[in-house]
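Visitor: Dumping the structure here so I can ask a few things about it.
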Amino acid sequence: MISILLVLFTSIACFFSMYFIGYKTVALLLLMTVSVLAMLFDILPVLIAAVLSALVWNFFFIPPIFTFHISNTEDLLMFLLYFVIALVNAVLTFKIRKEEKKARDKEEKEKTIKLYNTLLNSLSHELRTPISTIIGSVDSLKISNEKISSVNQLELLNQIDIASIRLNRQVENLLNMSRLETGILKPSIDWCDTNELVNSVIQKQIFNHHQTIIFEPNEQLPLFKFDRGLIEQVLQNLLHNAINYTPQNSIIKIVASQQSNYCIISVSDNGNGIPENEMQYLFDKFYRLPQSKTGGSGLGLSIVKGFVEAHQGQVYVKNNKDKGTIFTIKIPSEISYTNYLKNE
Amino acid sequence: MNKAEILIIDDEPPIRKLLEITLESNDYKVWQAETGKEGIILAANHPPELILLDIGLPDKSGHEILKELRTWYNKAIIILSVLNNEADIVAALDNGATDYLTKPFRNAELLARIRSAIRKNQTNNNERKIICGDLEIDIIARVVSKNNQFLKLTATEYNLLLLFAKNEGRVLTHQYILKEIWGVGAQTETQYLRVFVGTLRKKIETNPNQPKHLFTESGVGYRFI
């Protein structure tokens with residue numbers, strides 16, 4: 001459609017300027033139009049444009065104008081040549097574009113393979129480390145009870161415990177990721193007490209951490225409707241990151257609020273912040289900041305993004321003005337002001 | 001006293017071994033079945049005090065076995081599931097499961113669930129008083145006290161607390177609670193439940209931000225301890 005319009009437009013423009021440029025130049029201009037179209041569109045519209053422009057040129061420009069009749073041999077030859085050149089032009093450009101697409105696809109495929117390799121590397125590390133710990137500790141405990149002090153036996157048991165929890169966490173991440181990838185994720189939405197949710201996420205941080213976590217329940221907060229399990233996972237991942245990637249004695253602050261029809265929860269810290277040029281990759285699958293400490297699969301934040309987007313929500317990250325990073329999730333939600341019930 | 005008998009229906013040998021050792025060392029007598037069919041026959045020949053039923057069995061879905069068992073077996077059934085799938089758990093609870101545990105679970109948690117489920121088997125409904133830690137509910141006088149101080153509860157808060165206390169240690173689904181407290185028509189009104197659980201926590205918990213009595217089971221319901 002656009003190609004036909006463009007041919008007609010060029011023709012009309014040429015028609016009015018015919019006194020200055022002569023009908024042979026018009027042929028070149030029309031050819032150029034067809035070439036431009038070939039760069040932009042698929043083969044079919046280009047072929048149509050080629051045929052149409054040939055006919056238009058014949059009808060409106062080759063004397064005698066307003067007929068398809070061509071009076072002299074030179075013009076006839078030119079018309080035929082025009083027709084052939086336009087078609088060749090269209091087909092050639094189409095072929096080039098096809099090749100380009102092939103090259104692009106190949107590049108894409110290589111990128112996927114590279115990503116897949118990164119995945120395998122980080123995964124095998126993330127899964128094998130705890131498995132090695134478990135196998136090794138069990139071996140030590142099995143072999144001899146006399147050679148290992150009871151304190152060290154207990155220590156090995158603790159290591160098995162920690163490794164199992166880590167393993168379980170990674171498996172959960174992978175399962176969540178595959179739920180997202182296969183597109184079967186459907187939030188089951190129900191009323192939630194966000195204050196209670198945040199409190200329980202903080203309670204579930206079972207591992208020792210050396211940061212202070214601050215959360216003041218917001219008494220004015222209405223109930224929101226979202227999938228509690230998914231948002232719990234989102235907050236867990238954000239908090240887990242804040243704890244893992246900030247120095248000891250950092251302060252982590254969680255704030256829950258309401259802005260019109262949105263539930264807004266932010267997790268901020270006063271750690272070292274994130275380099276601005278890395279921000280854009282932060283939510284990519286398997287992406288980890290260069291020089292970040294070992295451990296971690298690069299899945300946490302991509303799951304955060306996936307789960308929030310499953311709610312049609314958004315997640316933002318920026319560095320705080322003074323120090324550290326702030327992650328904010330914004331979830332559109334129905335709102336229930338049933339607080340009056342409290343005074344039954 | 002006779003040892004309470006527990007039937008394990010699970011197709012995974014390592015899980016059965018683990019459960020066997022854990023339960024026997026806690027003075028339970030353990031029976032084992034590898035398939036649903038075998039489990040149903042064992043339970044019929046020798047009804048146990050409690051059944052631990054894996055929901056993902058090879059021969060029949062645990063949901064079907066649960067339904068079949070529930071046509072005649074009225075003691076406790078605890079569902080074991082690897083799926084952290086709330087819909088699945090809620091379906092099992094609605095089909096008559098007493099409680100659930102998701103694998104991996106902690107032994108202390110398993111034992112607590114078993115204790116409370118077996119207690120439920122033996123509860124008579126003529127109790128005058130229910131005592132849970134620092135809370136005391138006087139059912140006849142309809143008063144609640146915490147550390148010997150009377151608490152001012154509204155009628156709904158009291159009914160809710162009583163329902164929880166009568167099912168101490170067991171998970172109650174949203175649907176079940178709504179039906180019991182607000183009646184059959186109110187089963188979608190989860191926002192009331194959220195608000196009343198919030199106000200109840202403020203009254204019965206020492207620190208409502210870190211509840212020690214009333215726990216949320218994400219996507220499933222609440223558990224009172």
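A note on labels: chains of the structure tokens are A, B, ... as shown, every chain counts residues from 1, and ligands are counted from 1 in their shown order.
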So that each row is one residue of chain B with an atom at most 10 Å from chain A, can you give its shortest atom pair and the distance in Å to one decimal, using only C-alpha atoms, rows by chain and rising number, as CSV?

Guide:
```
residue,atom,partner,partner_atom,distance
B:Asn84,CA,A:Glu172,CA,9.4
B:Asn85,CA,A:Gly229,CA,9.7
B:Glu86,CA,A:Gly229,CA,8.6
B:Ala87,CA,A:Ser188,CA,9.0
B:Pro104,CA,A:Asn168,CA,8.2
B:Thr154,CA,A:Glu344,CA,7.5
B:Ala155,CA,A:Glu344,CA,9.1
B:Thr156,CA,A:Glu344,CA,8.7
B:Glu157,CA,A:Glu344,CA,9.9
B:Thr188,CA,A:Asp190,CA,9.2
B:Glu189,CA,A:Trp191,CA,8.8
B:Thr190,CA,A:Trp191,CA,6.2
B:Gln191,CA,A:Trp191,CA,5.5
B:Tyr192,CA,A:Thr338,CA,7.2
B:Leu193,CA,A:Trp191,CA,9.3
B:Arg194,CA,A:Asp193,CA,6.4
B:Val195,CA,A:Asn339,CA,6.9
B:Phe196,CA,A:Lys342,CA,7.2
B:Val197,CA,A:Asp193,CA,9.7
B:Gly198,CA,A:Glu196,CA,8.0
B:Thr199,CA,A:Lys342,CA,6.7
B:Leu200,CA,A:Lys342,CA,9.7
B:Pro208,CA,A:Glu196,CA,8.9
B:Asn209,CA,A:Asn199,CA,5.9
B:Gln210,CA,A:Asn199,CA,7.0
B:Pro211,CA,A:Ser200,CA,8.9
B:Phe215,CA,A:Ser200,CA,9.0
B:Thr216,CA,A:Ser200,CA,8.3
B:Glu217,CA,A:Gly229,CA,9.5
B:Ser218,CA,A:Gly229,CA,5.8
B:Gly219,CA,A:Gly229,CA,6.3
B:Val220,CA,A:Gly229,CA,9.8
```

Visitor: Would you put the residues from that selection into a file with C-alpha atoms, as a tab-separated table (two decimals), in the first residue's frame?

Guide:
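Contents of again-v9.tsv, freshly written:
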```tsv
chain	number	residue	atom	x	y	z
B	84	ASN	CA	5.28	-25.89	46.30
B	85	ASN	CA	1.98	-25.42	44.59
B	86	GLU	CA	-0.59	-23.71	46.77
B	87	ALA	CA	-3.54	-24.68	44.58
B	104	PRO	CA	12.15	-30.62	51.99
B	154	THR	CA	-14.73	-8.13	69.63
B	155	ALA	CA	-17.20	-10.93	68.95
B	156	THR	CA	-15.65	-11.72	65.56
B	157	GLU	CA	-12.13	-11.65	66.94
B	188	THR	CA	-14.56	-14.71	48.64
B	189	GLU	CA	-14.35	-11.95	51.23
B	190	THR	CA	-10.72	-12.58	52.09
B	191	GLN	CA	-10.15	-8.91	52.88
B	192	TYR	CA	-12.23	-9.24	56.08
B	193	LEU	CA	-10.08	-12.17	57.11
B	194	ARG	CA	-6.88	-10.15	56.50
B	195	VAL	CA	-8.13	-7.24	58.58
B	196	PHE	CA	-9.36	-9.36	61.50
B	197	VAL	CA	-6.21	-11.46	61.56
B	198	GLY	CA	-4.30	-8.15	61.70
B	199	THR	CA	-6.33	-6.81	64.63
B	200	LEU	CA	-6.31	-10.16	66.41
B	208	PRO	CA	2.47	-8.37	66.20
B	209	ASN	CA	5.30	-7.90	63.66
B	210	GLN	CA	6.86	-11.16	64.79
B	211	PRO	CA	3.89	-13.40	65.54
B	215	PHE	CA	1.23	-17.71	61.34
B	216	THR	CA	0.42	-17.00	57.70
B	217	GLU	CA	0.76	-19.92	55.30
B	218	SER	CA	1.24	-18.13	52.02
B	219	GLY	CA	-1.56	-18.79	49.55
B	220	VAL	CA	-3.11	-21.46	51.78
```

Visitor: Would you mind listing what lies within 10 Å of B:Ile9 as a VMD selection string, with only C-alpha atoms counted and same-chain residues fewer than 2 positions away left out?

Guide: chain B and resid 6 to 7 11 to 12 16 31 to 40 42 to 43 51 to 55 57 62 79 to 80

Visitor: Could you pull out the residues in stretch 188-230 of chain A that DSSP calls alpha helix (DSSP H) from the backbone, as a list in words?

Guide: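 Taking stretch 188-230 of chain A and keeping alpha helix (DSSP H) gives Thr194, Asn195, Glu196, Leu197, Val198, Asn199, Ser200, Val201, Ile202, Gln203, Arg228, Gly229 and Leu230 of chain A.
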
Visitor: Hey, what's within 9 Å of stretch 148-159 of chain A if we count only C-alpha atoms and toss same-chain stuff fewer than 5 positions away? As a PDB file with N, CA and C atoms, in the first residue's frame, please?

Guide:
```
ATOM      1  N   PRO A 130      27.636 -26.771  46.743  1.00  0.00           N
ATOM      2  CA  PRO A 130      26.983 -27.395  47.909  1.00  0.00           C
ATOM      3  C   PRO A 130      27.010 -28.921  47.867  1.00  0.00           C
ATOM      4  N   THR A 133      30.232 -30.049  49.166  1.00  0.00           N
ATOM      5  CA  THR A 133      30.271 -29.882  50.621  1.00  0.00           C
ATOM      6  C   THR A 133      29.567 -31.047  51.302  1.00  0.00           C
ATOM      7  N   ILE A 134      28.404 -31.401  50.773  1.00  0.00           N
ATOM      8  CA  ILE A 134      27.618 -32.464  51.403  1.00  0.00           C
ATOM      9  C   ILE A 134      28.353 -33.799  51.309  1.00  0.00           C
ATOM     10  N   SER A 137      31.580 -33.772  53.512  1.00  0.00           N
ATOM     11  CA  SER A 137      31.299 -33.812  54.951  1.00  0.00           C
ATOM     12  C   SER A 137      30.808 -35.189  55.361  1.00  0.00           C
ATOM     13  N   VAL A 138      29.918 -35.772  54.541  1.00  0.00           N
ATOM     14  CA  VAL A 138      29.388 -37.098  54.871  1.00  0.00           C
ATOM     15  C   VAL A 138      30.519 -38.117  54.904  1.00  0.00           C
ATOM     16  N   SER A 140      33.683 -37.616  55.576  1.00  0.00           N
ATOM     17  CA  SER A 140      34.476 -37.417  56.793  1.00  0.00           C
ATOM     18  C   SER A 140      33.754 -37.996  57.999  1.00  0.00           C
ATOM     19  N   LEU A 141      32.462 -37.737  58.076  1.00  0.00           N
ATOM     20  CA  LEU A 141      31.705 -38.197  59.239  1.00  0.00           C
ATOM     21  C   LEU A 141      31.605 -39.720  59.279  1.00  0.00           C
ATOM     22  N   SER A 164      22.650 -27.711  51.976  1.00  0.00           N
ATOM     23  CA  SER A 164      21.347 -28.197  51.509  1.00  0.00           C
ATOM     24  C   SER A 164      20.386 -27.041  51.276  1.00  0.00           C
TER      25      SER A 164
END
```

Visitor: Would you mind listing what lies within 8 Å of A:Val46 as a list of chain:residue names, with only C-alpha atoms counted and same-chain residues fewer than 5 positions away left out?

Guide: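 Once the adjacent positions are removed, what remains is A:Ser3, A:Val34, A:Leu37, A:Ala38, A:Phe41, A:Ala90.
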